[in-house]
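Asks: Contents of input.cif (mmCIF, C-alpha atoms) are below:
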data_start
loop_
_atom_site.label_atom_id
_atom_site.label_comp_id
_atom_site.auth_asym_id
_atom_site.auth_seq_id
_atom_site.Cartn_x
_atom_site.Cartn_y
_atom_site.Cartn_z
CA MET A 1 116.61 76.29 47.21
CA ILE A 2 113.95 78.64 45.81
CA HIS A 3 116.18 81.64 46.43
CA LEU A 4 119.13 79.84 44.82
CA ALA A 5 117.18 79.04 41.65
CA MET A 6 115.69 82.54 41.57
CA ALA A 7 119.08 84.21 41.99
CA THR A 8 120.43 82.06 39.13
CA GLY A 9 117.48 83.07 36.96
CA PHE A 10 118.02 86.78 37.68
CA LEU A 11 121.76 86.39 36.99
CA LEU A 12 121.01 84.67 33.67
CA ILE A 13 118.71 87.57 32.69
CA LEU A 14 121.48 90.05 33.53
CA ILE A 15 124.11 88.01 31.64
CA GLY A 16 121.77 87.84 28.64
CA PHE A 17 121.12 91.60 28.72
CA TYR A 18 124.83 92.30 29.00
CA GLY A 19 125.52 90.05 26.01
CA ALA A 20 122.77 91.74 23.99
CA VAL A 21 124.08 95.26 24.58
CA SER A 22 127.81 94.54 24.46
CA ASN A 23 127.99 92.44 21.27
CA ARG A 24 127.79 93.88 17.77
CA ASN A 25 127.29 90.56 15.99
CA ILE A 26 123.58 89.96 15.37
CA LEU A 27 123.75 86.18 15.89
CA ARG A 28 125.50 86.69 19.24
CA MET A 29 122.76 89.10 20.29
CA ILE A 30 120.12 86.47 19.49
CA VAL A 31 122.04 83.85 21.52
CA ALA A 32 122.13 86.32 24.43
CA PHE A 33 118.36 86.80 24.16
CA THR A 34 117.75 83.03 24.40
CA ILE A 35 119.87 82.93 27.57
CA ALA A 36 117.80 85.77 29.09
CA ASP A 37 114.69 83.81 28.06
CA SER A 38 115.89 80.74 30.01
CA GLY A 39 116.50 82.98 33.01
CA VAL A 40 112.96 84.41 32.93
CA ASN A 41 111.49 80.89 32.73
CA LEU A 42 113.62 79.76 35.67
CA VAL A 43 112.44 82.68 37.82
CA ILE A 44 108.75 82.03 37.07
CA VAL A 45 109.05 78.30 37.83
CA ALA A 46 110.91 79.06 41.06
CA ILE A 47 108.05 81.35 42.16
CA GLY A 48 105.61 78.43 41.83
CA TYR A 49 107.75 75.99 43.82
CA MET A 50 107.00 75.16 47.45
CA PRO A 51 109.41 73.05 49.52
CA GLY A 52 108.25 69.53 50.41
CA ARG A 53 105.51 69.32 47.79
CA THR A 54 105.31 67.33 44.55
CA ALA A 55 104.43 67.97 40.90
CA PRO A 56 100.76 68.82 40.11
CA ILE A 57 99.90 65.35 38.81
CA LEU A 58 97.25 63.25 40.58
CA ASP A 59 98.19 59.59 41.19
CA ALA A 60 98.19 56.98 43.96
CA THR A 61 100.28 59.12 46.33
CA VAL A 62 98.52 62.39 45.53
CA LYS A 63 94.81 61.63 45.97
CA ALA A 64 92.33 63.96 44.30
CA GLY A 65 90.70 65.16 47.54
CA TYR A 66 93.96 65.99 49.34
CA ALA A 67 95.76 67.47 46.35
CA ALA A 68 95.67 71.06 47.65
CA ALA A 69 98.00 70.15 50.52
CA ARG A 70 100.40 68.05 48.43
CA ILE A 71 101.05 69.80 45.11
CA ILE A 72 102.85 72.96 44.04
CA ASP A 73 101.22 75.84 42.15
CA PRO A 74 100.38 74.63 38.60
CA VAL A 75 99.62 78.08 37.10
CA PRO A 76 103.26 79.29 36.67
CA GLN A 77 104.06 75.97 34.97
CA ALA A 78 101.28 76.46 32.43
CA LEU A 79 102.58 80.00 31.83
CA VAL A 80 106.17 78.86 31.29
CA LEU A 81 104.97 76.10 28.94
CA THR A 82 103.48 78.82 26.72
CA ALA A 83 106.52 81.08 27.14
CA ILE A 84 108.99 78.43 25.94
CA VAL A 85 106.99 77.60 22.80
CA ILE A 86 106.47 81.27 21.89
CA GLY A 87 110.15 81.91 22.70
CA VAL A 88 111.38 79.49 20.06
CA GLY A 89 108.97 81.03 17.52
CA VAL A 90 110.43 84.48 18.26
CA THR A 91 113.98 83.09 18.02
CA ALA A 92 113.21 81.57 14.62
CA LEU A 93 111.87 84.91 13.37
CA MET A 94 114.94 86.77 14.65
CA LEU A 95 117.19 84.24 12.89
CA ALA A 96 115.26 84.62 9.62
CA TYR A 97 115.68 88.40 9.75
CA ALA A 98 119.38 87.99 10.60
CA TYR A 99 119.73 85.84 7.46
CA LYS A 100 117.96 88.49 5.36
CA LEU A 101 120.18 91.26 6.77
CA TYR A 102 123.28 89.20 5.93
CA GLU A 103 121.92 88.71 2.41
CA LYS A 104 121.65 92.50 2.00
CA LYS A 105 124.98 93.64 3.48
CA ARG A 106 127.08 90.43 3.68
CA SER A 107 127.85 91.33 7.27
CA LEU A 108 126.38 90.56 10.66
CA ASP A 109 127.88 93.65 12.29
CA ILE A 110 125.05 95.78 13.67
CA ALA A 111 127.20 98.92 13.22
CA LYS A 112 127.11 98.43 9.43
CA PHE A 113 123.35 98.93 9.31
CA THR A 114 123.22 102.70 9.30
CA GLU A 115 120.05 103.38 7.27
CA LEU A 116 117.89 104.02 10.32
CA ARG A 117 120.44 106.21 12.06
CA GLY A 118 119.03 109.72 12.58
CA MET B 1 117.33 64.02 50.90
CA SER B 2 116.69 67.71 51.05
CA LEU B 3 120.38 68.42 51.61
CA LEU B 4 121.24 66.31 48.57
CA LEU B 5 118.70 68.22 46.46
CA THR B 6 120.06 71.55 47.66
CA ALA B 7 123.61 70.49 46.83
CA MET B 8 122.47 69.36 43.36
CA THR B 9 120.66 72.66 42.82
CA PHE B 10 123.81 74.52 43.80
CA VAL B 11 125.98 72.55 41.35
CA LEU B 12 123.44 72.98 38.53
CA CYS B 13 123.15 76.73 39.17
CA ILE B 14 126.93 77.12 39.03
CA ALA B 15 127.02 75.08 35.80
CA MET B 16 124.31 77.29 34.23
CA ILE B 17 126.07 80.54 35.10
CA VAL B 18 129.43 79.24 33.84
CA ALA B 19 127.84 78.05 30.57
CA ALA B 20 126.09 81.41 30.12
CA LEU B 21 129.35 83.30 30.70
CA VAL B 22 131.16 81.03 28.21
CA SER B 23 128.39 81.71 25.72
CA ILE B 24 128.52 85.50 26.09
CA LEU B 25 132.26 86.07 26.58
CA GLY B 26 133.77 83.27 24.46
CA ARG B 27 135.38 84.02 21.09
CA SER B 28 133.83 81.27 18.96
CA LEU B 29 130.23 81.57 17.78
CA PRO B 30 129.52 77.78 17.45
CA ILE B 31 130.71 77.29 21.03
CA ALA B 32 128.48 80.20 22.12
CA ILE B 33 125.45 78.50 20.51
CA LEU B 34 126.31 75.13 22.09
CA ALA B 35 126.80 76.77 25.49
CA ALA B 36 123.38 78.45 25.20
CA GLY B 37 121.91 75.00 24.44
CA LEU B 38 123.73 73.68 27.51
CA VAL B 39 122.13 76.42 29.64
CA SER B 40 118.70 75.22 28.46
CA LEU B 41 119.59 71.57 29.10
CA VAL B 42 120.80 72.23 32.66
CA ALA B 43 117.72 74.41 33.21
CA SER B 44 115.52 71.44 32.26
CA VAL B 45 117.25 69.29 34.93
CA LEU B 46 116.68 72.10 37.41
CA PHE B 47 112.98 72.18 36.45
CA VAL B 48 112.71 68.50 37.41
CA ILE B 49 114.18 69.31 40.84
CA LEU B 50 111.68 72.18 41.12
CA ALA B 51 108.86 69.61 40.60
CA SER B 52 107.86 70.81 37.11
CA PRO B 53 108.24 67.77 34.80
CA ASP B 54 106.01 69.32 32.11
CA VAL B 55 108.20 72.40 31.81
CA ALA B 56 111.34 70.24 31.93
CA MET B 57 110.18 68.18 28.94
CA THR B 58 109.29 71.29 26.95
CA GLU B 59 112.59 72.99 27.71
CA ALA B 60 114.62 69.88 26.84
CA ALA B 61 112.80 69.21 23.54
CA ILE B 62 112.20 72.77 22.31
CA GLY B 63 114.55 75.15 24.11
CA SER B 64 117.58 72.90 24.05
CA GLY B 65 117.02 70.73 20.97
CA LEU B 66 115.15 72.60 18.25
CA SER B 67 116.43 76.14 18.83
CA THR B 68 120.08 74.97 18.81
CA PHE B 69 119.44 73.40 15.41
CA LEU B 70 117.75 76.58 14.14
CA PHE B 71 120.91 78.50 15.11
CA PHE B 72 123.16 76.01 13.35
CA PHE B 73 121.10 76.10 10.13
CA VAL B 74 121.50 79.88 9.98
CA LEU B 75 125.16 79.74 11.03
CA GLY B 76 125.85 77.28 8.21
CA ARG B 77 124.30 79.70 5.70
CA VAL B 78 126.17 82.86 6.70
CA ARG B 79 129.77 81.78 6.19
CA GLY B 80 132.11 84.62 6.96
CA GLY B 81 129.66 86.42 9.20
CA GLU B 82 130.86 84.59 12.29
CA ARG B 83 133.46 87.10 13.37
CA ASP B 84 131.64 90.28 12.28
CA GLY B 85 131.41 92.97 14.91
CA GLU B 86 134.53 91.94 16.80
CA ASP B 87 137.04 94.69 17.39
CA GLU B 88 140.03 93.02 15.68
CA SER B 89 138.49 91.54 12.56
CA GLY B 90 135.52 93.87 12.15
CA SER B 91 137.31 96.12 9.67
CA GLU B 92 138.32 93.50 7.11
CA HIS B 93 134.76 92.95 5.97
CA GLY B 94 134.12 96.66 5.47
CA MET C 1 132.80 104.35 25.50
CA VAL C 2 129.91 106.47 26.75
CA LYS C 3 127.56 103.89 25.29
CA ARG C 4 129.29 101.04 27.15
CA LEU C 5 129.10 103.04 30.39
CA GLY C 6 125.39 103.70 29.89
CA ALA C 7 124.76 100.00 29.30
CA LEU C 8 126.62 99.10 32.48
CA LEU C 9 124.63 101.68 34.48
CA LEU C 10 121.38 100.26 33.06
CA LEU C 11 122.46 96.73 34.01
CA LEU C 12 123.36 97.92 37.52
CA ALA C 13 119.91 99.48 37.88
CA ILE C 14 118.15 96.31 36.71
CA GLY C 15 120.43 94.25 38.98
CA GLY C 16 119.45 96.46 41.91
CA ILE C 17 115.75 95.92 41.20
CA PHE C 18 116.31 92.16 40.96
CA THR C 19 118.27 92.12 44.24
CA SER C 20 115.51 93.95 46.09
CA LEU C 21 112.93 91.53 44.62
CA LEU C 22 115.05 88.55 45.70
CA VAL C 23 115.69 89.83 49.22
CA GLY C 24 112.04 90.71 49.80
CA TYR C 25 110.66 87.44 48.42
CA VAL C 26 108.94 85.19 50.94
CA PRO C 27 107.78 81.85 49.48
CA ASP C 28 104.13 80.93 49.97
CA THR C 29 103.36 78.12 52.38
CA GLU C 30 99.75 77.67 51.13
CA LEU C 31 98.41 77.53 47.59
CA ASN C 32 96.76 80.75 46.46
CA ASP C 33 93.03 80.78 45.68
CA THR C 34 93.33 80.12 41.95
CA ALA C 35 95.68 77.19 42.43
CA ARG C 36 93.51 75.76 45.22
CA TYR C 37 90.46 75.94 42.96
CA TYR C 38 92.32 74.00 40.27
CA ALA C 39 93.63 71.44 42.81
CA TYR C 40 90.14 70.79 44.22
CA HIS C 41 88.07 70.83 41.04
CA THR C 42 90.27 69.33 38.31
CA ALA C 43 89.65 65.67 39.18
CA ALA C 44 85.87 66.01 39.39
CA ASP C 45 85.26 68.61 36.66
CA ILE C 46 87.85 67.78 34.01
CA GLY C 47 88.96 64.23 34.88
CA SER C 48 92.57 64.89 33.91
CA ALA C 49 95.29 63.50 36.20
CA ASN C 50 97.79 66.13 35.05
CA ILE C 51 96.55 69.46 36.40
CA VAL C 52 98.85 71.50 34.15
CA THR C 53 97.20 69.84 31.13
CA ALA C 54 93.74 70.67 32.51
CA ILE C 55 94.75 74.33 32.81
CA VAL C 56 96.40 74.49 29.38
CA ILE C 57 93.62 72.73 27.45
CA THR C 58 90.38 73.50 29.26
CA TYR C 59 90.56 76.24 31.91
CA ARG C 60 92.80 78.40 29.70
CA GLY C 61 91.97 76.76 26.39
CA LEU C 62 91.48 80.03 24.54
CA ASP C 63 95.05 81.09 25.41
CA THR C 64 96.36 77.85 23.94
CA LEU C 65 94.40 78.42 20.74
CA GLY C 66 96.02 81.86 20.59
CA GLU C 67 99.44 80.35 21.25
CA VAL C 68 99.06 77.86 18.41
CA THR C 69 97.94 80.74 16.18
CA VAL C 70 101.01 82.80 17.11
CA LEU C 71 103.22 79.82 16.28
CA PHE C 72 101.43 79.43 12.93
CA LEU C 73 101.96 83.13 12.18
CA ALA C 74 105.66 82.83 13.08
CA ALA C 75 106.04 79.87 10.69
CA ALA C 76 104.12 81.71 7.94
CA ILE C 77 106.19 84.92 8.29
CA LEU C 78 109.39 82.84 8.30
CA GLY C 79 108.32 81.27 5.00
CA LEU C 80 107.47 84.71 3.57
CA VAL C 81 110.78 86.27 4.63
CA LEU C 82 112.88 83.39 3.31
CA ALA C 83 110.83 82.75 0.15
CA ARG C 84 113.24 84.30 -2.41
CA GLY C 85 116.39 82.69 -1.06
CA ARG C 86 114.71 79.30 -1.07
CA ARG C 87 113.66 79.38 -4.71
CA GLN C 88 117.16 80.29 -5.80
CA ALA C 89 118.68 77.63 -3.61
CA GLN C 90 116.56 74.89 -5.15
CA ALA C 91 117.67 75.90 -8.63
CA ARG C 92 121.40 75.42 -8.03
CA ARG C 93 122.09 72.99 -5.29
CA ALA C 94 125.28 70.97 -5.03
CA LEU C 95 125.44 69.16 -1.73
CA THR C 96 128.02 66.76 -0.46
CA PRO C 97 126.50 63.30 -0.04
CA VAL C 98 125.59 62.37 3.53
CA GLY C 99 127.16 59.33 5.15
CA GLU C 100 125.84 55.78 5.02
CA LEU C 101 125.58 55.78 8.82
CA LEU C 102 123.19 58.75 8.85
CA THR C 103 120.88 57.39 6.12
CA THR C 104 120.65 53.89 7.66
CA GLY C 105 120.38 55.27 11.17
CA SER C 106 117.57 57.63 10.17
CA ARG C 107 115.63 54.72 8.64
CA VAL C 108 115.76 52.91 12.01
CA LEU C 109 115.31 55.93 14.28
CA VAL C 110 112.66 58.07 12.55
CA PRO C 111 109.72 55.65 13.11
CA LEU C 112 110.75 55.22 16.76
CA ILE C 113 111.01 59.00 17.28
CA MET C 114 107.57 59.50 15.68
CA LEU C 115 106.14 56.77 17.94
CA LEU C 116 107.61 58.48 21.01
CA GLY C 117 106.10 61.79 19.93
CA VAL C 118 102.65 60.21 19.50
CA TYR C 119 102.99 58.50 22.90
CA VAL C 120 103.90 61.80 24.56
CA PHE C 121 100.89 63.70 23.25
CA ILE C 122 98.32 60.92 23.62
CA ASN C 123 99.26 60.50 27.29
CA GLY C 124 99.33 64.25 27.91
CA HIS C 125 96.45 64.12 30.41
CA LEU C 126 98.05 61.33 32.50
CA THR C 127 101.80 61.91 32.50
CA PRO C 128 104.09 64.92 32.06
CA GLY C 129 104.13 65.95 28.43
CA GLY C 130 101.53 66.81 25.86
CA GLY C 131 100.93 68.34 22.47
CA PHE C 132 103.76 70.85 22.50
CA GLN C 133 106.39 68.40 23.75
CA GLY C 134 105.16 65.61 21.44
CA GLY C 135 105.04 68.04 18.52
CA ALA C 136 108.64 69.02 19.18
CA VAL C 137 109.67 65.34 19.29
CA ILE C 138 107.94 64.74 15.94
CA ALA C 139 109.66 67.80 14.49
CA SER C 140 113.02 66.40 15.61
CA GLY C 141 112.18 63.23 13.65
CA VAL C 142 111.50 65.40 10.59
CA LEU C 143 114.81 67.18 11.29
CA LEU C 144 116.62 63.83 11.13
CA LEU C 145 114.94 63.17 7.76
CA LEU C 146 116.06 66.60 6.53
CA LEU C 147 119.64 65.92 7.60
CA ALA C 148 119.71 62.41 6.15
CA GLY C 149 118.22 63.24 2.73
CA PRO C 150 118.80 66.89 1.86
CA ARG C 151 118.16 66.17 -1.83
CA LYS C 152 114.77 64.62 -1.25
CA PRO C 153 111.93 67.06 -1.87
CA PHE C 154 110.29 68.02 1.38
CA ALA C 155 106.55 67.17 1.42
CA HIS C 156 105.39 70.77 1.90
CA SER C 157 101.82 70.13 0.73
CA LEU C 158 101.34 67.13 3.07
CA ILE C 159 102.67 69.09 6.06
CA ALA C 160 100.47 72.09 5.18
CA ALA C 161 97.41 69.82 4.89
CA VAL C 162 98.10 68.20 8.29
CA GLU C 163 98.64 71.62 9.84
CA SER C 164 95.47 73.25 8.54
CA LEU C 165 93.22 70.20 9.10
CA ALA C 166 94.42 69.93 12.73
CA GLY C 167 93.68 73.64 13.22
CA VAL C 168 90.18 73.35 11.72
CA PHE C 169 89.30 70.31 13.86
CA TYR C 170 90.64 72.08 16.97
CA VAL C 171 88.25 74.99 16.41
CA VAL C 172 85.38 72.60 15.52
CA ILE C 173 85.85 70.72 18.83
CA GLY C 174 85.90 74.06 20.62
CA LEU C 175 82.60 75.03 18.98
CA MET C 176 81.13 71.62 19.91
CA GLY C 177 81.96 72.47 23.52
CA LEU C 178 80.00 75.71 23.07
CA VAL C 179 76.93 73.79 21.87
CA LEU C 180 77.06 70.55 23.89
CA ALA C 181 78.84 71.60 27.10
CA GLY C 182 79.58 74.68 29.19
CA GLY C 183 81.45 76.90 26.74
CA PHE C 184 84.04 77.31 24.00
CA LEU C 185 86.72 74.56 24.26
CA ASP C 186 84.93 72.89 27.19
CA SER C 187 86.28 69.32 27.18
CA ARG C 188 83.16 67.73 28.68
CA VAL C 189 81.67 66.91 25.28
CA LEU C 190 82.66 63.26 25.74
CA PRO C 191 82.16 61.36 29.05
CA LEU C 192 84.90 62.00 31.61
CA GLY C 193 85.59 58.31 32.31
CA VAL C 194 87.79 56.98 35.11
CA LEU C 195 90.56 59.23 36.43
CA GLY C 196 93.87 57.83 35.16
CA ALA C 197 92.50 55.78 32.23
CA LEU C 198 93.78 56.45 28.71
CA PHE C 199 90.29 57.19 27.36
CA SER C 200 89.22 59.73 29.95
CA ALA C 201 89.06 63.47 30.54
CA GLY C 202 86.54 64.13 27.75
CA THR C 203 88.04 65.61 24.59
CA ILE C 204 91.45 66.45 26.12
CA PRO C 205 93.32 63.53 24.43
CA ILE C 206 91.78 64.47 21.06
CA ILE C 207 92.61 68.17 21.43
CA TYR C 208 96.17 67.37 22.54
CA THR C 209 96.61 65.02 19.57
CA LEU C 210 95.48 67.78 17.21
CA ILE C 211 97.78 70.30 18.94
CA GLY C 212 100.65 67.81 18.71
CA LEU C 213 100.15 67.33 14.96
CA LYS C 214 99.77 71.09 14.40
CA VAL C 215 102.80 72.07 16.47
CA GLY C 216 104.88 69.28 14.92
CA ALA C 217 103.92 70.49 11.43
CA GLU C 218 104.69 74.13 12.30
CA PHE C 219 108.14 73.34 13.75
CA SER C 220 108.86 71.10 10.72
CA VAL C 221 107.98 73.95 8.36
CA MET C 222 110.25 76.34 10.31
CA LEU C 223 113.14 73.86 10.22
CA SER C 224 112.73 73.05 6.52
CA ASP C 225 112.41 76.73 5.57
CA LEU C 226 115.70 77.50 7.30
CA ALA C 227 117.34 74.32 5.99
CA GLU C 228 116.42 75.06 2.36
CA THR C 229 117.91 78.55 2.29
CA GLU C 230 120.80 79.38 0.03
CA GLU C 231 124.32 79.50 1.41
CA LEU C 232 125.68 83.04 1.50
CA GLY C 233 129.17 84.33 1.96
#
How would this structure read if it were set down as structure tokens?
Replies:
Amino acid sequence: MIHLAMATGFLLILIGFYGAVSNRNILRMIVAFTIADSGVNLVIVAIGYMPGRTAPILDATVKAGYAAARIIDPVPQALVLTAIVIGVGVTALMLAYAYKLYEKKRSLDIAKFTELRG
Amino acid sequence: MSLLLTAMTFVLCIAMIVAALVSILGRSLPIAILAAGLVSLVASVLFVILASPDVAMTEAAIGSGLSTFLFFFVLGRVRGGERDGEDESGSEHG
Amino acid sequence: MVKRLGALLLLLAIGGIFTSLLVGYVPDTELNDTARYYAYHTAADIGSANIVTAIVITYRGLDTLGEVTVLFLAAAILGLVLARGRRQAQARRALTPVGELLTTGSRVLVPLIMLLGVYVFINGHLTPGGGFQGGAVIASGVLLLLLAGPRKPFAHSLIAAVESLAGVFYVVIGLMGLVLAGGFLDSRVLPLGVLGALFSAGTIPIIYTLIGLKVGAEFSVMLSDLAETEELG
């Protein structure tokens, strides 16, 4: 199950990269980046998972003293929590710049933006 | 129980990959955005199976809900930019 | 064509690296040292039932302060980048009226959505969820308001006041931890209470409430900035 989720995460990263390099429309590139983002999060969560254990929340079935034998690793979850929130901030910034670029050139085709070409 | 979970994981993984491929390879930009939101939504179900309810809630509320709406706000503002960069219709905007 | 080929080669290389990582990966059967420390000490030291919350708010509290700051910067830059388009859009704005269903539905749903958001971040130390999730739920309530009444002026000054006050109080509570407890953002300023009670875990519920308000305000600002732009094309 871990390997299945991890393989899916890696595949999503690859699909996202492929979409980012093969599309010329800026909005489509941003969509591809969010898919790669989901893939990275999936891989990190899968690394923290251990079969047969429960979520890192203490309650009647997971007593405080025996928690170390019953819960999965909480650190990757805290990491992914941060990554998702920052990810949507980055997406919002990319979208704002895409809007500004469209305002300048009235086109979302990346090939039309030739000012920085050497 | 474990077999059921593995089967569910398998189905969800297939659904995620299919949605991602639809999003990248499909012709229509609104469908691409919705499919990317679907990838996040299925990922949040998968996070519950992987015993991470905190991450699942975050992904469902932020990754799937808010970012899809951010995309649609921008898409609604850039009428005519939807098909830019495609090989057939890329020239007519030039 | 050469470019496409190069991209495919790059993807193949990355795919090869991923495959070798996947094949060589052996899942742990025991928690590593850091995770075991958190599992043993959270209940006694922090008093939070949700260990992820204890890590996010107390053990790694400084990172979360940085995260909230990054989010604030993203919202501020978004406002800066979109500033010109927004002013023009407000001057000439002709919108089609929204439906009766949406306006009535938003009147019923928005208070319930806000209540759910508050519930999620106040119970962040007991159940899954917390400030970021609750903040996102609150922002989706604001989104419904934006969709239902696009003509209504958005209360920018109120949102900005909530955002900055929450940030100031977050840092003040962190400094109180420096003076009264073990260090910056230490949550043991207040008594820890009983594990699993609503008023427990020191200042964690207060900090998560402040984070929820701040994150909700930041996401609302991002959404309204993008919603108030001018239509191009």
Asks: Residues of chain C near chain B: apply a cut-off of 8 Å, count all atoms listed in the file, and supply the list as a PyMOL selection string.
Replies: chain C and resi 52+128-129+132-133+136-137+140+223+226-227+229-233
Asks: Residues of chain C no more than 8 Å from chain A, counting only C-alpha atoms: send them over as a PyMOL selection string.
Replies: chain C and resi 4+7-8+11+14-15+18+22+27-32+35-36+39-40+43+49-53+55-56+64+67+70-71+74-75+77-78+81-82+126-128+132+196+222+226+232-233
Asks: Which residue, A:Val40, A:Arg24, A:Lys105, A:Phe113, has the smallest gap to chain B when you use only C-alpha atoms?
Replies: A:Arg24
Asks: Enter the distance from CA of Gly141 in chain C to CA of Gly216 in chain C, in Å, rounded to one decimal.
Replies: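 One can read the CA of Gly141 in chain C to CA of Gly216 in chain C distance as 9.6 Å.
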Asks: Please report the interatomic distance between CA of Phe47 in chain B and CA of Thr9 in chain B in Å with one decimal.
Replies: 10.0 Å
Asks: Could you tell me which of A:Val43, A:Lys104, A:Ala36, A:Asn25 comes closest to chain B if we count all atoms listed in the file?
Replies: A:Asn25
Asks: Could you put an axis-aligned box around every listed atom of range 22-31 of chain B, padded by 3 Å on each side, and send me its centre and edge lengths in Å to one decimal, as lines of an AutoDock Vina configuration file?
Replies:
center_x = 131.9
center_y = 81.7
center_z = 22.8
size_x = 13.0
size_y = 14.8
size_z = 16.8
Asks: Evaluate the PyMOL selection byres ((chain B and resi 33) around 8) against this structure - the residues, as a PyMOL selection string, please.
Replies: (chain A and resi 31) or (chain B and resi 23+29-32+34-37+68+71-72)
Asks: Would you mind reading off the distance between CA of Gly134 in chain C and CA of Phe121 in chain C, one decimal, in Å?
Replies: 5.0 Å
Asks: Restricting the calculation to only C-alpha atoms: of B:Val42, B:Leu4, B:Val48, B:Cys13, which residue gets closest to chain A?
Replies: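 Between B:Val42, B:Leu4, B:Val48, B:Cys13, the residue approaching chain A most closely is B:Cys13.
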Asks: Of the residues A:Leu101, A:Thr34, A:Gly52, A:Asn23, which is the one nearest to Leu38 in chain B, using only C-alpha atoms?
Replies: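 That would be A:Thr34, the residue with the smallest distance to Leu38 in chain B.
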Asks: Name the closest residue to chain A among the candidates B:Val45, B:Thr6, B:Ser64, B:Arg27; distances are taken between atoms, counting only C-alpha atoms.
Replies: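 Ranking B:Val45, B:Thr6, B:Ser64, B:Arg27 by distance to chain A, first place goes to B:Thr6.
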Asks: Between A:Met1, A:Asp37, A:Thr114, A:Ile30, which residue has the minimum interatomic distance to chain B, considering only C-alpha atoms?
Replies: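 Once distances to chain B are computed over only C-alpha atoms, the minimum belongs to A:Met1.
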Asks: Provide range 72-85 of chain A rebuilt to N, CA and C atoms, formatted as a tab-separated table (two decimals), in the coordinates of the input.
Replies:
chain	number	residue	atom	x	y	z
A	72	ILE	N	102.40	71.58	44.18
A	72	ILE	CA	102.85	72.96	44.04
A	72	ILE	C	101.91	73.68	43.07
A	73	ASP	N	102.12	75.00	42.95
A	73	ASP	CA	101.22	75.84	42.15
A	73	ASP	C	101.35	75.49	40.65
A	74	PRO	N	100.25	75.02	40.00
A	74	PRO	CA	100.38	74.63	38.60
A	74	PRO	C	100.31	75.80	37.61
A	75	VAL	N	99.84	76.98	38.06
A	75	VAL	CA	99.62	78.08	37.10
A	75	VAL	C	100.93	78.60	36.49
A	76	PRO	N	102.01	78.86	37.29
A	76	PRO	CA	103.26	79.29	36.67
A	76	PRO	C	103.80	78.28	35.67
A	77	GLN	N	103.57	76.98	35.92
A	77	GLN	CA	104.06	75.97	34.97
A	77	GLN	C	103.36	76.09	33.64
A	78	ALA	N	102.02	76.30	33.68
A	78	ALA	CA	101.28	76.46	32.43
A	78	ALA	C	101.76	77.70	31.68
A	79	LEU	N	102.06	78.78	32.45
A	79	LEU	CA	102.58	80.00	31.83
A	79	LEU	C	103.91	79.76	31.14
A	80	VAL	N	104.83	79.06	31.84
A	80	VAL	CA	106.17	78.86	31.29
A	80	VAL	C	106.10	77.95	30.07
A	81	LEU	N	105.18	76.97	30.10
A	81	LEU	CA	104.97	76.10	28.94
A	81	LEU	C	104.71	76.94	27.70
A	82	THR	N	103.79	77.92	27.83
A	82	THR	CA	103.48	78.82	26.72
A	82	THR	C	104.71	79.65	26.35
A	83	ALA	N	105.41	80.17	27.39
A	83	ALA	CA	106.52	81.08	27.14
A	83	ALA	C	107.63	80.40	26.35
A	84	ILE	N	107.91	79.12	26.64
A	84	ILE	CA	108.99	78.43	25.94
A	84	ILE	C	108.64	78.27	24.46
A	85	VAL	N	107.38	77.85	24.19
A	85	VAL	CA	106.99	77.60	22.80
A	85	VAL	C	107.01	78.90	22.00
